[in-house]
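The data block below is final-v5.pdb; it holds PDB, C-alpha atoms and all ligand atoms.
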```
ATOM      1  CA  MET P   1       3.174  -1.981  59.210
ATOM      2  CA  ILE P   2       2.602  -0.223  55.896
ATOM      3  CA  VAL P   3       5.282   2.413  55.430
ATOM      4  CA  PHE P   4       5.222   5.204  52.821
ATOM      5  CA  ILE P   5       8.671   6.624  52.070
ATOM      6  CA  THR P   6       9.278   9.681  49.880
ATOM      7  CA  GLY P   7      12.646  10.013  48.182
ATOM      8  CA  ALA P   8      13.259   6.249  48.216
ATOM      9  CA  SER P   9      15.326   6.151  45.010
ATOM     10  CA  ALA P  10      18.589   6.999  46.809
ATOM     11  CA  GLY P  11      20.313   7.683  50.129
ATOM     12  CA  PHE P  12      18.311   7.500  53.368
ATOM     13  CA  GLY P  13      15.070   6.622  51.566
ATOM     14  CA  ALA P  14      16.492   3.535  49.849
ATOM     15  CA  ALA P  15      18.232   2.428  53.080
ATOM     16  CA  MET P  16      14.990   2.828  55.053
ATOM     17  CA  ALA P  17      13.074   0.854  52.405
ATOM     18  CA  ARG P  18      15.570  -2.008  52.824
ATOM     19  CA  SER P  19      15.440  -1.892  56.632
ATOM     20  CA  PHE P  20      11.642  -1.851  56.868
ATOM     21  CA  VAL P  21      11.139  -4.623  54.275
ATOM     22  CA  GLN P  22      13.833  -6.764  55.917
ATOM     23  CA  ALA P  23      12.034  -6.259  59.261
ATOM     24  CA  GLY P  24       8.856  -7.716  57.706
ATOM     25  CA  HIS P  25       6.950  -4.528  56.887
ATOM     26  CA  HIS P  26       5.330  -3.396  53.613
ATOM     27  CA  VAL P  27       6.863  -0.346  51.945
ATOM     28  CA  ILE P  28       5.580   2.086  49.336
ATOM     29  CA  ALA P  29       8.775   3.466  47.837
ATOM     30  CA  SER P  30       8.224   6.753  45.994
ATOM     31  CA  ALA P  31      10.430   9.196  44.088
ATOM     32  CA  ARG P  32      10.675  10.730  40.622
ATOM     33  CA  ARG P  33      13.150   8.177  39.176
ATOM     34  CA  LYS P  34      11.096   5.053  38.545
ATOM     35  CA  ASP P  35      14.070   3.040  37.227
ATOM     36  CA  LYS P  36      15.799   3.275  40.618
ATOM     37  CA  LEU P  37      12.588   2.258  42.397
ATOM     38  CA  ASN P  38      12.105  -0.688  40.040
ATOM     39  CA  ALA P  39      15.631  -1.862  40.864
ATOM     40  CA  LEU P  40      14.746  -1.654  44.573
ATOM     41  CA  ALA P  41      11.553  -3.657  43.930
ATOM     42  CA  ALA P  42      13.558  -6.310  42.048
ATOM     43  CA  GLU P  43      15.913  -6.536  45.041
ATOM     44  CA  LEU P  44      13.304  -6.531  47.828
ATOM     45  CA  GLY P  45      10.344  -8.404  46.332
ATOM     46  CA  GLU P  46       6.608  -7.931  46.515
ATOM     47  CA  ARG P  47       6.538  -6.325  49.958
ATOM     48  CA  LEU P  48       7.833  -3.194  48.185
ATOM     49  CA  LEU P  49       5.528  -1.162  45.940
ATOM     50  CA  PRO P  50       7.412   1.325  43.726
ATOM     51  CA  ILE P  51       5.504   4.460  42.731
ATOM     52  CA  GLU P  52       6.654   7.426  40.689
ATOM     53  CA  LEU P  53       5.755  10.591  42.589
ATOM     54  CA  ASP P  54       6.956  14.174  42.693
ATOM     55  CA  VAL P  55       6.048  15.543  46.129
ATOM     56  CA  ASN P  56       5.556  18.953  44.492
ATOM     57  CA  ASP P  57       2.704  17.582  42.367
ATOM     58  CA  GLN P  58      -0.080  18.578  44.736
ATOM     59  CA  ALA P  59      -2.868  16.892  42.743
ATOM     60  CA  ALA P  60      -1.028  13.556  42.467
ATOM     61  CA  VAL P  61      -0.200  13.616  46.177
ATOM     62  CA  ALA P  62      -3.787  14.484  47.165
ATOM     63  CA  ALA P  63      -5.075  11.552  45.089
ATOM     64  CA  LEU P  64      -2.874   8.980  46.882
ATOM     65  CA  PRO P  65      -5.404   7.763  49.492
ATOM     66  CA  THR P  66      -7.856   6.720  46.764
ATOM     67  CA  GLN P  67      -5.253   5.428  44.317
ATOM     68  CA  LEU P  68      -3.073   3.119  46.404
ATOM     69  CA  PRO P  69      -3.814  -0.604  45.872
ATOM     70  CA  PRO P  70      -5.896  -2.041  48.767
ATOM     71  CA  ALA P  71      -3.008  -4.067  50.219
ATOM     72  CA  PHE P  72      -0.973  -0.855  50.652
ATOM     73  CA  ALA P  73      -3.774   1.694  51.246
ATOM     74  CA  GLN P  74      -3.820   1.854  55.043
ATOM     75  CA  VAL P  75      -0.559   3.664  55.601
ATOM     76  CA  ASP P  76       0.726   3.369  59.191
ATOM     77  CA  VAL P  77       4.008   5.227  58.818
ATOM     78  CA  LEU P  78       4.770   8.186  56.553
ATOM     79  CA  ILE P  79       8.450   9.057  56.179
ATOM     80  CA  ASN P  80       8.764  12.544  54.695
ATOM     81  CA  ASN P  81      12.328  12.104  53.493
ATOM     82  CA  ALA P  82      12.410  13.649  49.979
ATOM     83  CA  GLY P  83      14.476  16.796  50.165
ATOM     84  CA  LEU P  84      17.557  18.553  48.981
ATOM     85  CA  ALA P  85      20.107  21.297  49.473
ATOM     86  CA  LEU P  86      21.218  23.376  46.495
ATOM     87  CA  GLY P  87      24.354  25.496  46.630
ATOM     88  CA  LEU P  88      26.438  26.883  49.479
ATOM     89  CA  GLU P  89      26.735  30.509  48.332
ATOM     90  CA  PRO P  90      26.207  33.375  50.789
ATOM     91  CA  ALA P  91      22.677  34.795  50.649
ATOM     92  CA  GLN P  92      23.680  37.868  48.648
ATOM     93  CA  ARG P  93      25.001  35.664  45.828
ATOM     94  CA  ALA P  94      22.613  32.692  46.038
ATOM     95  CA  ASP P  95      20.417  31.592  43.152
ATOM     96  CA  ILE P  96      16.767  32.498  43.804
ATOM     97  CA  ASP P  97      15.511  29.564  41.711
ATOM     98  CA  GLN P  98      17.516  27.171  43.903
ATOM     99  CA  TRP P  99      15.969  28.780  46.984
ATOM    100  CA  HIS P 100      12.488  28.260  45.526
ATOM    101  CA  THR P 101      13.217  24.597  44.693
ATOM    102  CA  MET P 102      14.346  23.913  48.279
ATOM    103  CA  ILE P 103      11.269  25.628  49.746
ATOM    104  CA  ASP P 104       8.976  23.786  47.316
ATOM    105  CA  THR P 105      10.426  20.344  48.026
ATOM    106  CA  ASN P 106      11.507  20.492  51.671
ATOM    107  CA  CYS P 107       8.505  22.490  52.944
ATOM    108  CA  LYS P 108       5.618  22.415  50.483
ATOM    109  CA  GLY P 109       6.205  18.821  49.323
ATOM    110  CA  LEU P 110       6.372  17.667  52.937
ATOM    111  CA  VAL P 111       3.124  19.407  53.889
ATOM    112  CA  ASN P 112       1.415  18.078  50.728
ATOM    113  CA  MET P 113       2.238  14.512  51.794
ATOM    114  CA  THR P 114       1.254  15.069  55.410
ATOM    115  CA  ARG P 115      -2.094  16.654  54.545
ATOM    116  CA  ALA P 116      -2.889  13.759  52.167
ATOM    117  CA  LEU P 117      -2.068  10.837  54.483
ATOM    118  CA  LEU P 118      -2.704  12.186  57.992
ATOM    119  CA  PRO P 119      -6.559  12.059  57.936
ATOM    120  CA  GLY P 120      -6.514   8.275  57.330
ATOM    121  CA  MET P 121      -4.135   7.776  60.258
ATOM    122  CA  VAL P 122      -6.344   9.803  62.600
ATOM    123  CA  GLU P 123      -9.441   7.951  61.396
ATOM    124  CA  ARG P 124      -7.824   4.521  61.867
ATOM    125  CA  LYS P 125      -6.364   5.609  65.247
ATOM    126  CA  ARG P 126      -2.931   4.415  64.140
ATOM    127  CA  GLY P 127      -0.024   6.235  62.600
ATOM    128  CA  HIS P 128       3.434   7.769  62.791
ATOM    129  CA  ILE P 129       4.896  10.601  60.749
ATOM    130  CA  PHE P 130       8.666  10.940  60.450
ATOM    131  CA  ASN P 131      10.031  14.180  59.029
ATOM    132  CA  LEU P 132      13.619  14.445  57.826
ATOM    133  CA  GLY P 133      14.886  17.618  59.401
ATOM    134  CA  SER P 134      18.581  18.287  59.842
ATOM    135  CA  VAL P 135      21.160  19.731  62.189
ATOM    136  CA  ALA P 136      20.966  22.595  59.678
ATOM    137  CA  GLY P 137      17.539  23.423  61.142
ATOM    138  CA  ASN P 138      19.074  23.783  64.610
ATOM    139  CA  TRP P 139      22.444  25.391  63.949
ATOM    140  CA  PRO P 140      23.264  28.130  61.450
ATOM    141  CA  TYR P 141      26.316  27.837  59.189
ATOM    142  CA  GLN P 142      27.679  29.959  56.373
ATOM    143  CA  GLY P 143      25.909  29.166  53.113
ATOM    144  CA  GLY P 144      23.170  27.239  54.919
ATOM    145  CA  ASN P 145      20.726  30.147  54.492
ATOM    146  CA  VAL P 146      17.525  28.796  52.895
ATOM    147  CA  TYR P 147      18.374  25.094  53.300
ATOM    148  CA  GLY P 148      18.695  25.545  57.074
ATOM    149  CA  ALA P 149      15.544  27.667  57.135
ATOM    150  CA  THR P 150      13.538  24.930  55.402
ATOM    151  CA  LYS P 151      14.724  22.432  58.018
ATOM    152  CA  ALA P 152      13.778  24.846  60.840
ATOM    153  CA  PHE P 153      10.326  24.919  59.229
ATOM    154  CA  VAL P 154      10.280  21.108  59.309
ATOM    155  CA  GLN P 155      11.205  21.113  62.996
ATOM    156  CA  GLN P 156       8.465  23.556  63.995
ATOM    157  CA  PHE P 157       5.895  21.880  61.732
ATOM    158  CA  SER P 158       6.699  18.583  63.483
ATOM    159  CA  ARG P 159       6.130  20.175  66.911
ATOM    160  CA  ASN P 160       2.903  21.845  65.789
ATOM    161  CA  LEU P 161       1.663  18.529  64.371
ATOM    162  CA  ARG P 162       2.203  17.015  67.814
ATOM    163  CA  ALA P 163       0.170  19.843  69.313
ATOM    164  CA  ASP P 164      -2.709  19.220  66.882
ATOM    165  CA  LEU P 165      -2.567  15.444  67.306
ATOM    166  CA  LEU P 166      -2.928  15.451  71.083
ATOM    167  CA  GLY P 167      -5.945  13.249  71.787
ATOM    168  CA  THR P 168      -5.060  10.876  68.957
ATOM    169  CA  PRO P 169      -2.537   8.014  69.072
ATOM    170  CA  VAL P 170      -0.713   9.336  65.982
ATOM    171  CA  ARG P 171       2.987   9.966  66.631
ATOM    172  CA  VAL P 172       5.370  12.511  65.076
ATOM    173  CA  THR P 173       9.167  12.444  65.070
ATOM    174  CA  ASN P 174      11.603  14.959  63.609
ATOM    175  CA  VAL P 175      14.842  13.220  62.610
ATOM    176  CA  GLU P 176      17.796  15.625  62.575
ATOM    177  CA  PRO P 177      20.963  14.090  61.109
ATOM    178  CA  GLY P 178      24.325  15.764  60.725
ATOM    179  CA  MET P 179      26.910  14.872  58.085
ATOM    180  CA  CYS P 180      25.969  11.663  56.344
ATOM    181  CA  GLY P 181      27.850  10.167  53.384
ATOM    182  CA  GLY P 182      26.879   7.408  50.973
ATOM    183  CA  THR P 183      23.962   9.436  49.572
ATOM    184  CA  GLU P 184      23.480  11.759  46.591
ATOM    185  CA  PHE P 185      23.027  14.776  48.890
ATOM    186  CA  SER P 186      26.280  16.612  48.087
ATOM    187  CA  ASP P 187      26.224  15.584  44.392
ATOM    188  CA  VAL P 188      22.822  17.263  44.165
ATOM    189  CA  ARG P 189      23.958  20.255  46.239
ATOM    190  CA  PHE P 190      27.041  21.027  44.142
ATOM    191  CA  GLY P 191      26.346  19.305  40.806
ATOM    192  CA  ASP P 192      30.050  18.402  40.908
ATOM    193  CA  ALA P 193      31.134  14.882  41.951
ATOM    194  CA  GLU P 194      34.704  15.926  42.822
ATOM    195  CA  ARG P 195      33.590  18.766  45.094
ATOM    196  CA  ALA P 196      30.961  16.485  46.645
ATOM    197  CA  ALA P 197      33.556  13.797  47.427
ATOM    198  CA  LYS P 198      35.786  16.352  49.227
ATOM    199  CA  VAL P 199      33.011  17.054  51.774
ATOM    200  CA  TYR P 200      33.536  13.597  53.290
ATOM    201  CA  GLU P 201      37.339  13.325  53.076
ATOM    202  CA  GLY P 202      38.962  12.139  56.317
ATOM    203  CA  VAL P 203      35.654  11.928  58.229
ATOM    204  CA  GLN P 204      33.952   8.856  59.645
ATOM    205  CA  PHE P 205      30.551  10.163  58.528
ATOM    206  CA  LEU P 206      27.100   8.802  59.378
ATOM    207  CA  THR P 207      25.770   6.211  56.931
ATOM    208  CA  PRO P 208      22.252   5.869  55.485
ATOM    209  CA  GLU P 209      22.044   2.593  57.448
ATOM    210  CA  ASP P 210      22.634   4.526  60.711
ATOM    211  CA  ILE P 211      19.617   6.705  59.902
ATOM    212  CA  ALA P 212      17.517   3.746  58.737
ATOM    213  CA  SER P 213      18.173   1.692  61.897
ATOM    214  CA  THR P 214      17.317   4.709  64.075
ATOM    215  CA  VAL P 215      14.012   5.314  62.261
ATOM    216  CA  LEU P 216      13.125   1.603  62.357
ATOM    217  CA  TRP P 217      13.832   1.501  66.094
ATOM    218  CA  ILE P 218      11.625   4.554  66.743
ATOM    219  CA  ALA P 219       8.808   3.214  64.515
ATOM    220  CA  GLN P 220       8.848  -0.092  66.445
ATOM    221  CA  SER P 221       9.052   1.565  69.883
ATOM    222  CA  PRO P 222       6.147   1.105  72.344
ATOM    223  CA  ALA P 223       2.995   2.881  71.117
ATOM    224  CA  HIS P 224       2.673   5.009  74.278
ATOM    225  CA  MET P 225       5.974   6.829  73.771
ATOM    226  CA  ASN P 226       6.734   9.604  71.290
ATOM    227  CA  ILE P 227      10.286  10.538  70.373
ATOM    228  CA  ASN P 228       9.664  14.195  69.452
ATOM    229  CA  ALA P 229      13.053  14.778  67.872
ATOM    230  CA  ILE P 230      16.367  13.014  67.536
ATOM    231  CA  GLU P 231      19.568  14.836  66.568
ATOM    232  CA  ILE P 232      22.389  12.572  65.381
ATOM    233  CA  MET P 233      25.930  13.614  64.426
ATOM    234  CA  PRO P 234      29.088  11.739  63.583
ATOM    235  CA  VAL P 235      31.550  11.939  66.484
ATOM    236  CA  GLN P 236      33.857  13.872  64.130
ATOM    237  CA  GLN P 237      31.310  16.722  63.759
ATOM    238  CA  SER P 238      30.474  19.389  66.335
ATOM    239  CA  PHE P 239      29.447  23.058  66.668
ATOM    240  CA  GLY P 240      31.379  25.936  65.107
ATOM    241  CA  GLY P 241      30.521  28.702  67.582
ATOM    242  CA  LEU P 242      29.868  32.351  66.812
ATOM    243  CA  ALA P 243      31.930  34.186  64.182
ATOM    244  CA  ILE P 244      33.600  37.596  64.576
ATOM    245  CA  HIS P 245      34.646  39.952  61.802
ATOM    246  CA  ARG P 246      37.374  42.323  63.060
ATOM    247  CA  GLY P 247      38.285  45.588  61.390
ATOM    248  CA  SER P 248      36.312  47.754  58.996
ATOM    249  CA  PHE P 249      33.727  46.895  56.324
TER     250      PHE P 249
HETATM  251  P1  LIG P 301      19.663  11.972  48.398
HETATM  252  O1  LIG P 301      19.944  13.096  47.442
HETATM  253  O2  LIG P 301      20.539  10.778  48.380
HETATM  254  O3  LIG P 301      18.142  11.494  48.239
HETATM  255  C1  LIG P 301      17.113  12.422  48.123
HETATM  256  C2  LIG P 301      15.865  11.722  47.637
HETATM  257  O4  LIG P 301      14.830  12.695  47.488
HETATM  258  C3  LIG P 301      16.051  11.050  46.307
HETATM  259  O5  LIG P 301      15.469   9.773  46.372
HETATM  260  C4  LIG P 301      15.275  11.928  45.341
HETATM  261  O6  LIG P 301      14.700  11.082  44.339
HETATM  262  C5  LIG P 301      14.184  12.472  46.252
HETATM  263  N1  LIG P 301      13.575  13.712  45.790
HETATM  264  C6  LIG P 301      14.145  14.914  45.560
HETATM  265  N2  LIG P 301      13.234  15.793  45.102
HETATM  266  C7  LIG P 301      12.049  15.122  45.034
HETATM  267  C8  LIG P 301      10.741  15.478  44.638
HETATM  268  N3  LIG P 301      10.434  16.714  44.196
HETATM  269  N4  LIG P 301       9.747  14.539  44.717
HETATM  270  C9  LIG P 301      10.031  13.293  45.158
HETATM  271  N5  LIG P 301      11.258  12.893  45.540
HETATM  272  C10 LIG P 301      12.255  13.807  45.477
HETATM  273  O7  LIG P 301      19.656  12.667  49.856
HETATM  274  P2  LIG P 301      19.723  12.058  51.330
HETATM  275  O8  LIG P 301      19.266  10.662  51.363
HETATM  276  O9  LIG P 301      21.045  12.387  51.881
HETATM  277  O10 LIG P 301      18.679  13.016  52.068
HETATM  278  C11 LIG P 301      17.358  12.612  52.388
HETATM  279  C12 LIG P 301      16.780  13.659  53.338
HETATM  280  O11 LIG P 301      17.602  13.786  54.495
HETATM  281  C13 LIG P 301      16.682  15.055  52.730
HETATM  282  O12 LIG P 301      15.481  15.648  53.199
HETATM  283  C14 LIG P 301      17.893  15.776  53.302
HETATM  284  O13 LIG P 301      17.696  17.177  53.370
HETATM  285  C15 LIG P 301      17.984  15.144  54.667
HETATM  286  N6  LIG P 301      19.298  15.170  55.306
HETATM  287  C16 LIG P 301      20.420  14.690  54.669
HETATM  288  C17 LIG P 301      21.645  14.716  55.330
HETATM  289  C18 LIG P 301      22.912  14.245  54.698
HETATM  290  O14 LIG P 301      23.998  14.605  55.189
HETATM  291  N7  LIG P 301      22.878  13.439  53.649
HETATM  292  C19 LIG P 301      21.748  15.199  56.704
HETATM  293  C20 LIG P 301      20.518  15.698  57.257
HETATM  294  C21 LIG P 301      19.346  15.656  56.582
HETATM  295  P3  LIG P 301      14.393  11.469  42.807
HETATM  296  O15 LIG P 301      15.493  12.378  42.348
HETATM  297  O16 LIG P 301      14.371  10.128  42.130
HETATM  298  O17 LIG P 301      13.037  12.117  42.869
HETATM  299  C1  LIG P 302      22.504  18.035  55.806
HETATM  300  C2  LIG P 302      23.527  18.350  56.829
HETATM  301  O1  LIG P 302      25.326  19.974  57.554
HETATM  302  O2  LIG P 302      25.134  19.514  55.171
HETATM  303  O3  LIG P 302      21.252  18.430  56.226
HETATM  304  O4  LIG P 302      23.499  20.878  56.279
HETATM  305  S1  LIG P 302      24.388  19.750  56.429
END
```
Represent the structure contained in this file as structure tokens.
Amino acid sequence: MIVFITGASAGFGAAMARSFVQAGHHVIASARRKDKLNALAAELGERLLPIELDVNDQAAVAALPTQLPPAFAQVDVLINNAGLALGLEPAQRADIDQWHTMIDTNCKGLVNMTRALLPGMVERKRGHIFNLGSVAGNWPYQGGNVYGATKAFVQQFSRNLRADLLGTPVRVTNVEPGMCGGTEFSDVRFGDAERAAKVYEGVQFLTPEDIASTVLWIAQSPAHMNINAIEIMPVQQSFGGLAIHRGSF
């Protein structure tokens, strides 16, 4: 299979690149930081093609089908993984620019990629799109405001893609992880390594390899079955329930 991964310079994306290459597939590893991708290419060899790509660059994304080298052009699997959370402030204090960046990357970047690579999959009668949603798209939490809303968008976009793709063999899966360590996610969210490290203290969190092995398994599953969504949490994470404020305002 030829697998296109966005956000492959770190975290889940890099782990998925390793898993797919090690399973014998070809991987186009994309992100903004080319040095990280080059290091991955040096590690994994010629089955990995590193390309510098910002998913928010609509023109560059739209040009992909004509610009990929022939050996990598017929993409079978698109993994829309690039994404981020910024901040954990309540909505009334949140930074509007951070909100815009999350919407641009998690929603608009993901639809840019899908719109660019989906027509080829439909034409070739072969394809699978994975979207990186989150438990944050299913369950609200304080400070999750726009991040969670972008992941709810990803969930519904995944379902609506399935609706549109009925009558084609192209598959769509929304992957919804909970707390996962060993990535840059919380460093990016807080811009503070110490605060980021505290998020994972005392928890046996999910690892990027857990997510990568799940995605590889789904991608290699029999072609007649579609895993619509898969929600994965560490055993040490669960639901918080509804909150009550008692007394006056
Ligand atoms: P990381 O921060 O480790 O990796 C994010 C990746 O996205 C990086 O490779 C980064 O590369 C890339 N990226 C960010 N912005 C852009 C952009 N504009 N264009 C292209 N690439 C971009 O995060 P994770 O691996 O933890 O997260 C991956 C996905 O999984 C995200 O969508 C996240 O929301 C989701 N997720 C994460 C969870 C977690 O607990 N870690 C849980 C549930 C979901 P570069 O900076 O080089 O461009
Ligand atoms: C990442 C999981 O719980 O930090 O999507 O929002 S969480």
| message | Would you pick out the contacts of Asn112 in chain P at 8 Å or less, using only C-alpha atoms, so that residues sharing its chain but fewer than 4 positions from it are not included, and give the list as a PyMOL selection string? | response | chain P and resi 55-56+58+61-62+108+116
Mind writing the picked residues with C-alpha atoms as a short mmCIF file (atom, residue, chain, number, x, y, z; two decimals), keeping the file's coordinate frame?
```
data_model
loop_
_atom_site.label_atom_id
_atom_site.label_comp_id
_atom_site.auth_asym_id
_atom_site.auth_seq_id
_atom_site.Cartn_x
_atom_site.Cartn_y
_atom_site.Cartn_z
CA VAL P 55 6.05 15.54 46.13
CA ASN P 56 5.56 18.95 44.49
CA GLN P 58 -0.08 18.58 44.74
CA VAL P 61 -0.20 13.62 46.18
CA ALA P 62 -3.79 14.48 47.16
CA LYS P 108 5.62 22.42 50.48
CA ALA P 116 -2.89 13.76 52.17
#
```
| message | Which residues are near Asp210 in chain P? Cut-off 10 Å, only C-alpha atoms, ignore same chain within fewer than 4 positions. Put them as a PyMOL selection string. | response | chain P and resi 12+15-16+177+180+205-206+214-215+232
| Target residues per the PyMOL selection byres (((not hetatm)) within 6 of (chain P and resi 301)), formatted as a ChimeraX atom specification | /P:6-13,31-33,53-56,81-84,105,132-134,176-181,183-185
Proximity of range 107-186 of chain P to range 66-73 of chain P: per-residue shortest pair, 12 Å limit, all atoms listed in the file, as JSON lines:
```
{"residue": "P:Ala116", "atom": "CA", "partner": "P:Thr66", "partner_atom": "CA", "distance": 10.2}
{"residue": "P:Leu117", "atom": "CA", "partner": "P:Ala73", "partner_atom": "CA", "distance": 9.8}
{"residue": "P:Gly120", "atom": "CA", "partner": "P:Ala73", "partner_atom": "CA", "distance": 9.4}
{"residue": "P:Met121", "atom": "CA", "partner": "P:Ala73", "partner_atom": "CA", "distance": 10.9}
{"residue": "P:Arg124", "atom": "CA", "partner": "P:Ala73", "partner_atom": "CA", "distance": 11.7}
```
| request: Using all atoms listed in the file, determine which residues lie at most 7 Å from Ile79 in chain P, disregarding the query and same-chain residues fewer than 3 positions distant; provide the list as a list in words. | output: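 Those residues are Phe4, Ile5, Thr6, Ile129, Phe130 and Asn131 of chain P.
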| field | One-decimal distance in Å that lies between CA of Asn160 in chain P and CA of Gln142 in chain P | value |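 Computing it gives 27.7 Å between the two atoms.
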| field | Straight-line distance linking CA of Val154 in chain P with CA of Val111 in chain P, stated in Å to one decimal | value |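 Computing the Euclidean distance for CA of Val154 in chain P and CA of Val111 in chain P yields 9.1 Å.
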| Residue among P:Gly45, P:Pro140, P:Gly127, P:Pro169 lying closest to ligand LIG 302 (chain P), counting all atoms listed in the file | P:Pro140
How big is the axis-aligned box around all listed atoms of ligand LIG 302 (chain P) once 6 Å goes on each side, and where's its centre, in Å to one decimal, as AutoDock Vina command-line options?
```
--center_x 23.3 --center_y 19.5 --center_z 56.4 --size_x 16.1 --size_y 14.8 --size_z 14.4
```
| said: So the first atom is CA of Gly143 in chain P and the second is CA of Gln98 in chain P; what is the distance between them in Å, to one decimal place? | reply: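 According to the coordinates, CA of Gly143 in chain P and CA of Gln98 in chain P are separated by 12.6 Å.
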| note | Of P:Asn228, P:Asn138, P:Gln92, P:Thr168, the one nearest to ligand LIG 302 (chain P) when counting all atoms listed in the file is P:Asn138
| request: Do a neighbour search on range 100-103 of chain P at 8 Å with only C-alpha atoms, toss out local chain neighbours closer than 6 positions, and write the hits as a list of chain:residue names. | output: P:Gly83, P:Leu84, P:Ala85, P:Leu86, P:Val146, P:Tyr147, P:Thr150
Take the residues from that selection and write them out as an mmCIF file, keeping the file's coordinate frame, keeping C-alpha atoms.
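In the end it all went to part.cif:
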```cif
data_model
loop_
_atom_site.group_PDB
_atom_site.id
_atom_site.type_symbol
_atom_site.label_atom_id
_atom_site.label_comp_id
_atom_site.auth_asym_id
_atom_site.auth_seq_id
_atom_site.Cartn_x
_atom_site.Cartn_y
_atom_site.Cartn_z
ATOM 1 C CA GLY P 83 14.476 16.796 50.165
ATOM 2 C CA LEU P 84 17.557 18.553 48.981
ATOM 3 C CA ALA P 85 20.107 21.297 49.473
ATOM 4 C CA LEU P 86 21.218 23.376 46.495
ATOM 5 C CA VAL P 146 17.525 28.796 52.895
ATOM 6 C CA TYR P 147 18.374 25.094 53.300
ATOM 7 C CA THR P 150 13.538 24.930 55.402
#
```
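Counting only C-alpha atoms, the residue from P:Arg195, P:Arg189, P:His245, P:His128 that sits nearest to Arg162 in chain P is P:His128.
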| said: Considering all atoms listed in the file, can you say which of P:Glu46, P:Asp164, P:Glu52, P:Asp187 comes closest to ligand LIG 302 (chain P)? | reply: P:Asp187
| task | Go through the shown structure with the PyMOL selection byres (((chain P and resi 76) around 7) and not hetatm) and write out the matching residues as a ChimeraX atom specification. | result | /P:1-3,74-75,77-78,121,126-128
| request: On this file, the PyMOL selection byres (((chain P and resi 29) around 6) and not hetatm) gives some set of residues; write that set as a PyMOL selection string. | output: chain P and resi 5+8+27-28+30+49-50
Residues from last step as file, C-alpha atoms, as a compact mmCIF listing (two decimals), keeping the file's coordinate frame:
```txt
# COMPACT_ATOMS: atom_id res chain seq x y z
CA ILE P 5 8.67 6.62 52.07
CA ALA P 8 13.26 6.25 48.22
CA VAL P 27 6.86 -0.35 51.94
CA ILE P 28 5.58 2.09 49.34
CA SER P 30 8.22 6.75 45.99
CA LEU P 49 5.53 -1.16 45.94
CA PRO P 50 7.41 1.32 43.73
```
